[in-house]
file model-v1.cif (mmCIF, C-alpha atoms and all ligand atoms)
data_entry
loop_
_atom_site.label_atom_id
_atom_site.label_comp_id
_atom_site.auth_asym_id
_atom_site.auth_seq_id
_atom_site.Cartn_x
_atom_site.Cartn_y
_atom_site.Cartn_z
CA MET Z 1379 219.43 -75.14 -45.22
CA THR Z 1380 218.29 -72.66 -47.82
CA HIS Z 1381 216.68 -69.31 -47.20
CA VAL Z 1382 213.81 -68.34 -49.46
CA HIS Z 1383 211.35 -65.52 -49.78
CA ALA Z 1384 207.78 -66.19 -48.75
CA ARG Z 1385 204.69 -64.28 -47.65
CA ALA Z 1386 203.40 -64.38 -44.10
CA THR Z 1387 200.86 -62.73 -41.83
CA ASP Z 1388 201.58 -61.75 -38.24
CA GLY Z 1389 197.97 -62.05 -37.09
CA PRO Z 1390 194.36 -62.33 -38.23
CA GLU Z 1391 194.15 -58.62 -39.06
CA ALA Z 1392 197.70 -58.14 -40.34
CA ARG Z 1393 198.55 -57.62 -43.97
CA PHE Z 1394 200.82 -60.06 -45.76
CA ARG Z 1395 204.50 -59.20 -45.74
CA ASP Z 1396 207.72 -60.46 -47.23
CA ILE Z 1397 209.51 -62.94 -44.97
CA VAL Z 1398 212.61 -65.07 -45.40
CA ILE Z 1399 212.05 -68.65 -44.25
CA GLU Z 1400 214.31 -71.68 -43.97
CA ARG Z 1401 213.83 -74.82 -46.01
CA ARG Z 1402 215.76 -77.90 -44.88
CA ASP Z 1403 218.46 -79.39 -47.09
CA PRO Z 1404 216.96 -82.37 -48.91
CA ARG Z 1405 217.15 -85.56 -46.85
CA PRO Z 1406 217.73 -88.84 -48.74
CA LYS Z 1407 214.04 -89.14 -49.70
CA ASP Z 1408 213.32 -85.41 -50.18
CA VAL Z 1409 212.82 -83.38 -53.30
CA LEU Z 1410 213.44 -79.65 -53.45
CA ILE Z 1411 210.79 -77.95 -55.55
CA ALA Z 1412 211.01 -74.48 -57.07
CA VAL Z 1413 207.44 -73.24 -56.71
CA GLU Z 1414 205.94 -71.75 -59.86
CA PHE Z 1415 202.38 -71.15 -58.71
CA SER Z 1416 200.62 -71.33 -55.37
CA GLY Z 1417 196.82 -71.38 -55.16
CA ILE Z 1418 194.73 -69.45 -52.67
CA CYS Z 1419 192.23 -71.85 -51.12
CA HIS Z 1420 189.33 -70.65 -48.99
CA SER Z 1421 190.73 -72.64 -46.06
CA ASP Z 1422 193.87 -70.47 -46.12
CA LEU Z 1423 191.66 -67.62 -44.95
CA HIS Z 1424 190.42 -69.72 -42.01
CA HIS Z 1425 194.01 -70.50 -40.98
CA VAL Z 1426 194.99 -66.82 -41.26
CA ALA Z 1427 191.98 -65.89 -39.13
CA ASN Z 1428 192.93 -68.62 -36.60
CA ASP Z 1429 189.46 -70.15 -36.93
CA TYR Z 1430 190.91 -73.55 -36.01
CA ASN Z 1431 192.70 -72.17 -32.93
CA LYS Z 1432 196.08 -73.54 -33.95
CA THR Z 1433 197.65 -70.87 -36.12
CA VAL Z 1434 201.14 -69.81 -35.10
CA TYR Z 1435 202.31 -66.47 -36.49
CA PRO Z 1436 204.12 -65.42 -38.54
CA PHE Z 1437 202.11 -67.78 -40.68
CA VAL Z 1438 202.97 -68.78 -44.27
CA PRO Z 1439 199.86 -70.32 -45.91
CA GLY Z 1440 199.68 -72.39 -49.07
CA HIS Z 1441 198.75 -75.98 -49.90
CA GLU Z 1442 198.12 -75.84 -53.65
CA VAL Z 1443 201.65 -75.90 -55.01
CA ALA Z 1444 202.82 -76.49 -58.58
CA GLY Z 1445 206.52 -76.36 -59.34
CA VAL Z 1446 209.61 -77.99 -60.77
CA VAL Z 1447 212.08 -80.31 -59.02
CA THR Z 1448 215.46 -78.61 -58.63
CA ALA Z 1449 217.30 -81.10 -56.39
CA VAL Z 1450 216.73 -84.62 -55.09
CA GLY Z 1451 218.05 -86.57 -52.12
CA SER Z 1452 220.32 -89.60 -52.57
CA GLU Z 1453 217.50 -92.17 -52.24
CA VAL Z 1454 214.83 -90.46 -54.32
CA SER Z 1455 213.58 -92.85 -57.00
CA LYS Z 1456 210.37 -91.33 -58.35
CA TYR Z 1457 211.52 -87.86 -59.41
CA LYS Z 1458 214.45 -86.18 -61.07
CA VAL Z 1459 215.55 -82.61 -61.56
CA GLY Z 1460 213.26 -80.85 -64.04
CA ASP Z 1461 210.12 -82.89 -63.28
CA ARG Z 1462 206.83 -80.99 -62.99
CA VAL Z 1463 205.30 -81.76 -59.62
CA GLY Z 1464 202.63 -80.73 -57.17
CA VAL Z 1465 202.18 -80.65 -53.40
CA GLY Z 1466 198.76 -80.58 -51.78
CA CYS Z 1467 197.41 -80.48 -48.26
CA MET Z 1468 199.86 -82.89 -46.65
CA VAL Z 1469 203.62 -83.41 -46.56
CA ASP Z 1470 203.70 -86.56 -44.40
CA SER Z 1471 201.61 -89.02 -42.39
CA CYS Z 1472 202.36 -92.02 -40.15
CA ARG Z 1473 202.59 -94.40 -43.17
CA GLU Z 1474 201.85 -97.38 -40.91
CA CYS Z 1475 198.18 -97.24 -40.02
CA GLU Z 1476 195.42 -98.99 -41.92
CA ALA Z 1477 194.35 -95.74 -43.61
CA CYS Z 1478 197.87 -94.83 -44.75
CA LYS Z 1479 198.51 -98.35 -46.04
CA ALA Z 1480 195.27 -98.20 -48.01
CA GLY Z 1481 196.30 -94.87 -49.55
CA TRP Z 1482 193.74 -92.86 -47.57
CA HIS Z 1483 196.39 -90.63 -46.01
CA GLN Z 1484 193.79 -87.95 -45.34
CA PHE Z 1485 192.36 -90.25 -42.67
CA CYS Z 1486 195.69 -91.24 -41.08
CA PHE Z 1487 194.96 -92.49 -37.57
CA LYS Z 1488 197.72 -90.31 -36.17
CA GLY Z 1489 196.81 -87.33 -38.32
CA TYR Z 1490 198.66 -86.24 -41.42
CA THR Z 1491 201.24 -83.45 -41.38
CA ASN Z 1492 199.69 -80.30 -42.82
CA THR Z 1493 201.54 -78.49 -45.60
CA GLN Z 1494 200.65 -75.21 -43.92
CA ASN Z 1495 200.45 -74.56 -40.20
CA GLY Z 1496 201.68 -78.10 -39.56
CA ILE Z 1497 204.14 -79.70 -37.15
CA ASP Z 1498 206.36 -82.42 -38.60
CA LYS Z 1499 207.53 -85.62 -36.88
CA ASP Z 1500 210.61 -83.84 -35.54
CA GLY Z 1501 208.48 -81.15 -33.96
CA ASN Z 1502 209.41 -78.51 -36.51
CA ARG Z 1503 206.86 -76.04 -37.80
CA VAL Z 1504 205.94 -76.50 -41.45
CA ASP Z 1505 205.66 -73.37 -43.56
CA GLY Z 1506 203.23 -73.48 -46.47
CA GLY Z 1507 203.50 -72.94 -50.17
CA TYR Z 1508 203.36 -69.14 -50.52
CA ALA Z 1509 207.11 -69.34 -51.01
CA GLU Z 1510 209.82 -69.65 -53.64
CA SER Z 1511 210.53 -73.26 -52.83
CA ILE Z 1512 209.42 -76.19 -50.71
CA VAL Z 1513 211.10 -79.43 -49.58
CA VAL Z 1514 208.90 -82.52 -49.39
CA ASP Z 1515 209.41 -86.29 -49.06
CA GLU Z 1516 208.90 -87.82 -52.50
CA ASP Z 1517 206.10 -90.05 -51.21
CA TYR Z 1518 203.95 -86.94 -50.69
CA VAL Z 1519 204.74 -85.36 -54.04
CA VAL Z 1520 202.69 -85.98 -57.19
CA ARG Z 1521 203.48 -85.62 -60.86
CA ILE Z 1522 201.77 -82.95 -62.97
CA PRO Z 1523 201.12 -84.18 -66.53
CA ASP Z 1524 202.78 -82.15 -69.29
CA SER Z 1525 199.39 -81.32 -70.77
CA LEU Z 1526 198.33 -79.33 -67.69
CA PRO Z 1527 199.52 -75.72 -67.47
CA MET Z 1528 201.16 -75.14 -64.08
CA ALA Z 1529 198.95 -72.23 -62.97
CA GLU Z 1530 195.77 -74.12 -63.79
CA ALA Z 1531 197.11 -77.27 -62.14
CA ALA Z 1532 197.95 -75.68 -58.77
CA PRO Z 1533 194.35 -75.46 -57.44
CA LEU Z 1534 193.77 -79.07 -58.41
CA MET Z 1535 196.07 -80.05 -55.55
CA CYS Z 1536 193.34 -79.33 -52.99
CA ALA Z 1537 190.07 -78.52 -54.77
CA GLY Z 1538 190.60 -81.08 -57.53
CA ALA Z 1539 191.79 -83.82 -55.17
CA THR Z 1540 188.76 -83.30 -52.94
CA MET Z 1541 186.30 -83.51 -55.80
CA TRP Z 1542 188.03 -86.50 -57.37
CA SER Z 1543 187.88 -88.37 -54.07
CA VAL Z 1544 184.15 -87.67 -53.79
CA MET Z 1545 183.31 -88.59 -57.39
CA THR Z 1546 185.28 -91.81 -57.39
CA HIS Z 1547 184.24 -92.97 -53.92
CA TRP Z 1548 180.57 -92.48 -54.83
CA ASN Z 1549 181.01 -94.14 -58.24
CA VAL Z 1550 180.13 -91.18 -60.43
CA GLY Z 1551 179.95 -92.16 -64.09
CA PRO Z 1552 177.56 -92.60 -67.00
CA GLY Z 1553 173.94 -92.76 -65.90
CA LYS Z 1554 174.60 -90.98 -62.59
CA ARG Z 1555 172.89 -87.69 -61.80
CA VAL Z 1556 175.17 -85.39 -59.87
CA CYS Z 1557 174.31 -82.06 -58.28
CA VAL Z 1558 177.09 -79.63 -57.34
CA LEU Z 1559 175.81 -77.18 -54.76
CA GLY Z 1560 177.86 -73.98 -54.86
CA PHE Z 1561 179.75 -72.96 -57.99
CA GLY Z 1562 183.04 -71.58 -56.70
CA GLY Z 1563 186.65 -72.69 -56.47
CA VAL Z 1564 185.81 -76.28 -55.53
CA GLY Z 1565 182.48 -76.54 -57.32
CA HIS Z 1566 183.74 -75.48 -60.74
CA ILE Z 1567 186.27 -78.32 -60.72
CA GLY Z 1568 183.66 -80.79 -59.48
CA VAL Z 1569 181.42 -79.94 -62.41
CA GLN Z 1570 184.23 -80.65 -64.88
CA ILE Z 1571 185.25 -83.93 -63.27
CA ALA Z 1572 181.67 -85.22 -62.99
CA HIS Z 1573 180.97 -84.22 -66.59
CA LYS Z 1574 184.14 -85.86 -67.91
CA LEU Z 1575 183.32 -89.01 -65.92
CA GLY Z 1576 180.11 -89.17 -67.94
CA ALA Z 1577 177.54 -88.07 -65.38
CA ARG Z 1578 174.64 -85.68 -65.88
CA VAL Z 1579 175.54 -82.55 -63.92
CA THR Z 1580 173.30 -79.96 -62.34
CA VAL Z 1581 174.70 -76.85 -60.69
CA LEU Z 1582 172.76 -75.17 -57.90
CA ASP Z 1583 174.01 -71.76 -56.84
CA LEU Z 1584 172.45 -68.74 -55.17
CA SER Z 1585 172.64 -66.66 -58.33
CA LEU Z 1586 172.72 -67.32 -62.04
CA ASP Z 1587 175.69 -64.96 -62.51
CA LYS Z 1588 178.06 -67.76 -63.44
CA GLN Z 1589 175.57 -69.79 -65.45
CA GLU Z 1590 177.45 -69.36 -68.74
CA ASP Z 1591 180.65 -70.60 -67.11
CA GLY Z 1592 178.73 -73.54 -65.72
CA PHE Z 1593 177.49 -74.64 -69.13
CA ARG Z 1594 180.92 -74.04 -70.65
CA LEU Z 1595 182.52 -76.31 -68.05
CA GLY Z 1596 180.06 -79.15 -68.57
CA ALA Z 1597 176.88 -78.50 -66.59
CA ASP Z 1598 173.71 -79.85 -68.18
CA GLU Z 1599 171.48 -77.72 -65.96
CA TYR Z 1600 172.11 -74.62 -63.83
CA ARG Z 1601 169.51 -73.40 -61.36
CA SER Z 1602 169.26 -70.77 -58.66
CA THR Z 1603 168.57 -72.05 -55.16
CA LEU Z 1604 166.24 -69.06 -54.75
CA ASP Z 1605 163.93 -70.47 -57.43
CA PRO Z 1606 160.72 -71.39 -55.56
CA GLU Z 1607 159.96 -74.23 -57.98
CA LEU Z 1608 163.34 -75.86 -57.50
CA PHE Z 1609 162.51 -78.25 -54.68
CA THR Z 1610 159.38 -79.61 -56.33
CA GLU Z 1611 160.71 -79.77 -59.89
CA LEU Z 1612 163.96 -81.52 -58.92
CA ALA Z 1613 162.53 -83.70 -56.12
CA LYS Z 1614 164.10 -87.19 -55.94
CA SER Z 1615 166.25 -86.53 -59.01
CA PHE Z 1616 169.90 -86.86 -57.90
CA ASP Z 1617 172.11 -89.80 -57.00
CA LEU Z 1618 174.68 -87.51 -55.43
CA ILE Z 1619 174.62 -83.95 -54.12
CA VAL Z 1620 178.01 -82.45 -53.30
CA CYS Z 1621 177.65 -79.47 -50.99
CA THR Z 1622 180.59 -77.06 -51.19
CA VAL Z 1623 179.02 -74.13 -49.34
CA PRO Z 1624 180.30 -73.36 -45.81
CA VAL Z 1625 176.91 -72.23 -44.49
CA ASN Z 1626 174.03 -74.10 -42.92
CA ILE Z 1627 171.41 -75.04 -45.48
CA ASP Z 1628 167.96 -76.61 -45.19
CA TYR Z 1629 169.28 -80.18 -45.11
CA ASP Z 1630 165.80 -81.71 -45.21
CA ALA Z 1631 164.94 -79.77 -48.35
CA TYR Z 1632 168.15 -80.83 -50.12
CA ALA Z 1633 167.77 -84.45 -48.99
CA GLY Z 1634 164.40 -84.29 -50.72
CA LEU Z 1635 166.25 -83.83 -54.00
CA LEU Z 1636 167.94 -87.23 -53.61
CA ALA Z 1637 166.68 -90.28 -55.46
CA TYR Z 1638 166.64 -93.65 -53.71
CA ASN Z 1639 170.07 -94.66 -52.38
CA GLY Z 1640 171.18 -91.06 -52.93
CA THR Z 1641 173.87 -89.37 -50.86
CA LEU Z 1642 174.35 -85.80 -49.74
CA VAL Z 1643 178.09 -85.23 -49.29
CA LEU Z 1644 179.23 -82.29 -47.19
CA LEU Z 1645 182.67 -80.79 -47.85
CA ALA Z 1646 182.57 -77.48 -46.01
CA ILE Z 1647 182.02 -76.89 -42.31
CA PRO Z 1648 179.23 -74.47 -41.43
CA SER Z 1649 179.23 -72.66 -38.09
CA LYS Z 1650 176.21 -74.46 -36.60
CA PRO Z 1651 175.59 -78.20 -36.10
CA LEU Z 1652 173.74 -80.14 -38.74
CA THR Z 1653 170.10 -80.80 -37.86
CA MET Z 1654 167.62 -82.71 -39.94
CA ASN Z 1655 164.63 -84.99 -39.68
CA VAL Z 1656 165.43 -88.68 -39.82
CA GLY Z 1657 162.34 -89.01 -41.98
CA SER Z 1658 164.20 -87.22 -44.76
CA LEU Z 1659 166.72 -90.07 -44.80
CA ILE Z 1660 164.68 -93.22 -44.30
CA VAL Z 1661 162.51 -92.36 -47.27
CA ASN Z 1662 164.51 -93.56 -50.27
CA ARG Z 1663 167.34 -94.95 -48.07
CA ARG Z 1664 169.25 -91.70 -48.31
CA SER Z 1665 172.62 -90.96 -46.70
CA VAL Z 1666 174.42 -87.91 -45.45
CA ALA Z 1667 178.21 -88.11 -45.53
CA GLY Z 1668 181.25 -85.93 -45.08
CA THR Z 1669 184.76 -86.23 -46.43
CA LEU Z 1670 187.89 -84.18 -46.87
CA ILE Z 1671 190.71 -83.87 -49.40
CA ALA Z 1672 192.35 -87.02 -50.79
CA GLY Z 1673 195.19 -89.48 -50.29
CA ILE Z 1674 198.31 -89.44 -52.43
CA PRO Z 1675 197.29 -92.21 -54.91
CA GLU Z 1676 193.92 -90.49 -55.45
CA THR Z 1677 195.63 -87.14 -55.98
CA GLN Z 1678 197.90 -88.65 -58.64
CA ALA Z 1679 194.95 -90.39 -60.32
CA MET Z 1680 193.09 -87.07 -60.34
CA LEU Z 1681 195.97 -85.25 -62.02
CA ASP Z 1682 196.36 -88.00 -64.62
CA PHE Z 1683 192.62 -87.84 -65.35
CA CYS Z 1684 192.63 -84.03 -65.55
CA GLY Z 1685 195.63 -84.11 -67.88
CA GLU Z 1686 193.93 -86.61 -70.14
CA HIS Z 1687 190.51 -84.93 -70.14
CA ASP Z 1688 191.52 -81.28 -70.14
CA VAL Z 1689 190.16 -80.49 -66.68
CA LYS Z 1690 191.76 -77.31 -65.39
CA ALA Z 1691 191.09 -74.78 -62.69
CA GLN Z 1692 189.94 -71.43 -64.04
CA VAL Z 1693 192.43 -69.05 -62.51
CA GLU Z 1694 193.34 -65.43 -62.03
CA ILE Z 1695 197.12 -65.14 -61.74
CA ILE Z 1696 198.27 -62.52 -59.24
CA ASP Z 1697 201.49 -61.06 -57.86
CA ALA Z 1698 202.44 -61.69 -54.23
CA ASP Z 1699 201.66 -58.05 -53.43
CA TYR Z 1700 198.02 -58.65 -54.33
CA ILE Z 1701 197.33 -61.37 -51.72
CA ASP Z 1702 195.48 -59.08 -49.30
CA GLU Z 1703 193.14 -57.82 -52.01
CA ALA Z 1704 192.69 -61.36 -53.27
CA TYR Z 1705 191.63 -62.47 -49.75
CA ASP Z 1706 189.08 -59.63 -49.61
CA ARG Z 1707 187.71 -60.73 -52.96
CA VAL Z 1708 187.58 -64.41 -51.93
CA MET Z 1709 185.54 -63.35 -48.89
CA LYS Z 1710 183.08 -61.64 -51.22
CA GLY Z 1711 183.02 -64.54 -53.67
CA ASP Z 1712 184.47 -62.19 -56.28
CA VAL Z 1713 186.80 -64.55 -58.13
CA LYS Z 1714 186.49 -66.73 -61.20
CA PHE Z 1715 187.35 -69.17 -59.85
CA ARG Z 1716 190.68 -69.42 -58.05
CA PHE Z 1717 193.54 -67.01 -57.40
CA VAL Z 1718 197.02 -68.38 -57.96
CA ILE Z 1719 200.14 -66.49 -56.93
CA ASP Z 1720 202.97 -66.23 -59.44
CA ALA Z 1721 205.86 -67.47 -57.28
CA SER Z 1722 208.41 -65.42 -59.23
CA THR Z 1723 206.99 -62.37 -57.42
CA PHE Z 1724 207.81 -63.57 -53.89
CA ASP Z 1725 211.35 -62.22 -54.10
CA LYS Z 1726 211.16 -58.48 -53.56
CA SER Z 1727 214.89 -57.86 -53.27
ZN ZN A 1 192.39 -76.19 -49.69
ZN ZN A 2 198.66 -93.18 -40.89
#
call {"tool": "encode", "arguments": {"input": "model-v1.cif", "output": "structure tokens"}}
result
Amino acid sequence: MTHVHARATDGPEARFRDIVIERRDPRPKDVLIAVEFSGICHSDLHHVANDYNKTVYPFVPGHEVAGVVTAVGSEVSKYKVGDRVGVGCMVDSCRECEACKAGWHQFCFKGYTNTQNGIDKDGNRVDGGYAESIVVDEDYVVRIPDSLPMAEAAPLMCAGATMWSVMTHWNVGPGKRVCVLGFGGVGHIGVQIAHKLGARVTVLDLSLDKQEDGFRLGADEYRSTLDPELFTELAKSFDLIVCTVPVNIDYDAYAGLLAYNGTLVLLAIPSKPLTMNVGSLIVNRRSVAGTLIAGIPETQAMLDFCGEHDVKAQVEIIDADYIDEAYDRVMKGDVKFRFVIDASTFDKS
């Protein structure tokens, strides 16, 4: 057992504080990872706020971890000390169900073990990645290519994995017209992946404030959703719309932007149920779908692709003491595009 510094909240309204947590000694298949950077994902804020009614405090968030292996268990075969690795949203799953065997661990029939706010198979609480180190079974660890800087790689572990899973499942590539709705932490990585896969990419966002960033990262077109001409000018023009915004939108209007066989993929959960006219779907054989994160093989494929094609999260590196302010800014959408915590600042002593 090792004791490491981390950051935790004691409740939805509490500020983050220094906490010392226990990490288990590596089991035969475990790797001990010294965390270098830990991303702040929007879903961390939901867990802190107990929006899913399962947060146990003190709560250590974090599921976008980039670090270096510092010890390995006796049966570890994939990693050695010094390797650059990442940990995303899960640290385990049943490994036996059809989904796990197919590599779709995110859909494990028994539910995967969350990296933050999770309960492992032994009934122990799992503390997240806002910490100096983390211990994870090697089967749920991925390799970060040397060409990716660690800070810029950390957010790929959730946001990048999610977008990669969407783009590959829906066969994004040359000749495909992709729309990314919402240009934030997830959207800005989606734009890069879709562009590097060869698709034509349109960004739709409320404002044009980040238009220059959009073009820089590979968008071919960047429009405001407040533009009254938008829904007529872009009617039936996309094969895929990826919605990253966690608010209810006019689903019929956005379905109208889909070409035949087009799909509207929803990644964020708005507060109200989805309602739409079936007529918006049967015209052009359109689909509405939802998906979340990615399995381990997809996550590794994503990192390899990002390393090869220079896809990186745009990050603002912060100290651990800045987490509360960072959360306030994430709430306001005031970040370009992801905060990552410098893990060397977790130790206050
Ligand atoms: Zn996330
Ligand atoms: Zn499973």
call {"tool": "atom_distance", "arguments": {"input": "model-v1.cif", "atom1": "CA of Gly1685 (chain Z)", "atom2": "CA of Ile1522 (chain Z)"}}
result
7.9 Å
call {"tool": "closest_atom_pairs", "arguments": {"input": "model-v1.cif", "of": "chain Z", "to": "ligand ZN 1 (chain A)", "cutoff": "12 Å", "atoms": "only C-alpha atoms and all ligand atoms", "output": "Markdown table"}}
result
| residue | atom | partner | partner_atom | distance |
| --- | --- | --- | --- | --- |
| Z:Ser1416 | CA | A:ZN1 | ZN | 11.1 |
| Z:Gly1417 | CA | A:ZN1 | ZN | 8.5 |
| Z:Ile1418 | CA | A:ZN1 | ZN | 7.7 |
| Z:Cys1419 | CA | A:ZN1 | ZN | 4.6 |
| Z:His1420 | CA | A:ZN1 | ZN | 6.4 |
| Z:Ser1421 | CA | A:ZN1 | ZN | 5.3 |
| Z:Asp1422 | CA | A:ZN1 | ZN | 6.9 |
| Z:Leu1423 | CA | A:ZN1 | ZN | 9.8 |
| Z:His1424 | CA | A:ZN1 | ZN | 10.2 |
| Z:His1425 | CA | A:ZN1 | ZN | 10.5 |
| Z:Pro1439 | CA | A:ZN1 | ZN | 10.2 |
| Z:Gly1440 | CA | A:ZN1 | ZN | 8.2 |
| Z:His1441 | CA | A:ZN1 | ZN | 6.4 |
| Z:Glu1442 | CA | A:ZN1 | ZN | 7.0 |
| Z:Val1443 | CA | A:ZN1 | ZN | 10.7 |
| Z:Val1465 | CA | A:ZN1 | ZN | 11.4 |
| Z:Gly1466 | CA | A:ZN1 | ZN | 8.0 |
| Z:Cys1467 | CA | A:ZN1 | ZN | 6.8 |
| Z:Met1468 | CA | A:ZN1 | ZN | 10.5 |
| Z:Asn1492 | CA | A:ZN1 | ZN | 10.8 |
| Z:Thr1493 | CA | A:ZN1 | ZN | 10.3 |
| Z:Gln1494 | CA | A:ZN1 | ZN | 10.1 |
| Z:Gly1506 | CA | A:ZN1 | ZN | 11.6 |
| Z:Gly1507 | CA | A:ZN1 | ZN | 11.6 |
| Z:Ala1532 | CA | A:ZN1 | ZN | 10.7 |
| Z:Pro1533 | CA | A:ZN1 | ZN | 8.0 |
| Z:Leu1534 | CA | A:ZN1 | ZN | 9.3 |
| Z:Met1535 | CA | A:ZN1 | ZN | 7.9 |
| Z:Cys1536 | CA | A:ZN1 | ZN | 4.7 |
| Z:Ala1537 | CA | A:ZN1 | ZN | 6.1 |
| Z:Gly1538 | CA | A:ZN1 | ZN | 9.4 |
| Z:Ala1539 | CA | A:ZN1 | ZN | 9.4 |
| Z:Thr1540 | CA | A:ZN1 | ZN | 8.6 |
| Z:Met1541 | CA | A:ZN1 | ZN | 11.3 |
| Z:Gly1563 | CA | A:ZN1 | ZN | 9.5 |
| Z:Val1564 | CA | A:ZN1 | ZN | 8.8 |
| Z:Thr1622 | CA | A:ZN1 | ZN | 11.9 |
| Z:Leu1645 | CA | A:ZN1 | ZN | 10.9 |
| Z:Ala1646 | CA | A:ZN1 | ZN | 10.6 |
| Z:Leu1670 | CA | A:ZN1 | ZN | 9.6 |
| Z:Ile1671 | CA | A:ZN1 | ZN | 7.9 |
| Z:Ala1672 | CA | A:ZN1 | ZN | 10.9 |
| Z:Arg1716 | CA | A:ZN1 | ZN | 10.9 |
call {"tool": "residues_near_point", "arguments": {"input": "model-v1.cif", "point": "(181.1, -89.4, -59.5)", "cutoff": "10 Å", "atoms": "only C-alpha atoms", "output": "list in words"}}
result
Met1541, Trp1542, Ser1543, Val1544, Met1545, Thr1546, His1547, Trp1548, Asn1549, Val1550, Gly1551, Pro1552, Lys1554, Arg1555, Val1556, Gly1568, Val1569, Ile1571, Ala1572, His1573, Lys1574, Leu1575, Gly1576, Ala1577, Arg1578, Val1579, Asp1617, Leu1618 and Val1620 of chain Z
call {"tool": "residues_around", "arguments": {"input": "model-v1.cif", "residues": "Phe1394 (chain Z)", "least_positions_apart": "3", "cutoff": "8 Å", "atoms": "all atoms listed in the file", "output": "ChimeraX atom specification"}}
result
/Z:1385-1388,1699,1701-1702
call {"tool": "residues_near_ligand", "arguments": {"input": "model-v1.cif", "ligand": "ligand ZN 2 (chain A)", "cutoff": "8 Å", "atoms": "all atoms listed in the file", "output": "VMD selection string"}}
result
chain Z and resid 1471 to 1479 1483 1485 to 1490
call {"tool": "build_atoms", "arguments": {"input": "model-v1.cif", "residues": "region 1530-1542 of chain Z", "atoms": "N, CA and C atoms", "output": "PDB file, keeping the file's coordinate frame"}}
result
ATOM      1  N   GLU Z1530     197.091 -73.495 -63.850  1.00  0.00           N
ATOM      2  CA  GLU Z1530     195.770 -74.120 -63.790  1.00  0.00           C
ATOM      3  C   GLU Z1530     195.797 -75.440 -63.035  1.00  0.00           C
ATOM      4  N   ALA Z1531     196.984 -76.005 -62.878  1.00  0.00           N
ATOM      5  CA  ALA Z1531     197.110 -77.270 -62.140  1.00  0.00           C
ATOM      6  C   ALA Z1531     197.161 -77.031 -60.625  1.00  0.00           C
ATOM      7  N   ALA Z1532     197.729 -75.895 -60.208  1.00  0.00           N
ATOM      8  CA  ALA Z1532     197.950 -75.680 -58.770  1.00  0.00           C
ATOM      9  C   ALA Z1532     196.680 -75.892 -57.933  1.00  0.00           C
ATOM     10  N   PRO Z1533     195.548 -75.284 -58.294  1.00  0.00           N
ATOM     11  CA  PRO Z1533     194.350 -75.460 -57.440  1.00  0.00           C
ATOM     12  C   PRO Z1533     193.816 -76.890 -57.437  1.00  0.00           C
ATOM     13  N   LEU Z1534     194.215 -77.677 -58.415  1.00  0.00           N
ATOM     14  CA  LEU Z1534     193.770 -79.070 -58.410  1.00  0.00           C
ATOM     15  C   LEU Z1534     194.303 -79.817 -57.193  1.00  0.00           C
ATOM     16  N   MET Z1535     195.412 -79.338 -56.640  1.00  0.00           N
ATOM     17  CA  MET Z1535     196.070 -80.050 -55.550  1.00  0.00           C
ATOM     18  C   MET Z1535     195.195 -80.166 -54.296  1.00  0.00           C
ATOM     19  N   CYS Z1536     194.290 -79.209 -54.106  1.00  0.00           N
ATOM     20  CA  CYS Z1536     193.340 -79.330 -52.990  1.00  0.00           C
ATOM     21  C   CYS Z1536     191.925 -79.499 -53.532  1.00  0.00           C
ATOM     22  N   ALA Z1537     191.460 -78.496 -54.281  1.00  0.00           N
ATOM     23  CA  ALA Z1537     190.070 -78.520 -54.770  1.00  0.00           C
ATOM     24  C   ALA Z1537     189.826 -79.711 -55.694  1.00  0.00           C
ATOM     25  N   GLY Z1538     190.769 -79.980 -56.590  1.00  0.00           N
ATOM     26  CA  GLY Z1538     190.600 -81.080 -57.530  1.00  0.00           C
ATOM     27  C   GLY Z1538     190.681 -82.433 -56.828  1.00  0.00           C
ATOM     28  N   ALA Z1539     191.628 -82.552 -55.902  1.00  0.00           N
ATOM     29  CA  ALA Z1539     191.790 -83.820 -55.170  1.00  0.00           C
ATOM     30  C   ALA Z1539     190.522 -84.131 -54.380  1.00  0.00           C
ATOM     31  N   THR Z1540     189.983 -83.116 -53.730  1.00  0.00           N
ATOM     32  CA  THR Z1540     188.760 -83.300 -52.940  1.00  0.00           C
ATOM     33  C   THR Z1540     187.622 -83.801 -53.808  1.00  0.00           C
ATOM     34  N   MET Z1541     187.407 -83.130 -54.933  1.00  0.00           N
ATOM     35  CA  MET Z1541     186.300 -83.510 -55.800  1.00  0.00           C
ATOM     36  C   MET Z1541     186.514 -84.887 -56.439  1.00  0.00           C
ATOM     37  N   TRP Z1542     187.745 -85.189 -56.797  1.00  0.00           N
ATOM     38  CA  TRP Z1542     188.030 -86.500 -57.370  1.00  0.00           C
ATOM     39  C   TRP Z1542     187.721 -87.608 -56.356  1.00  0.00           C
TER      40      TRP Z1542
END
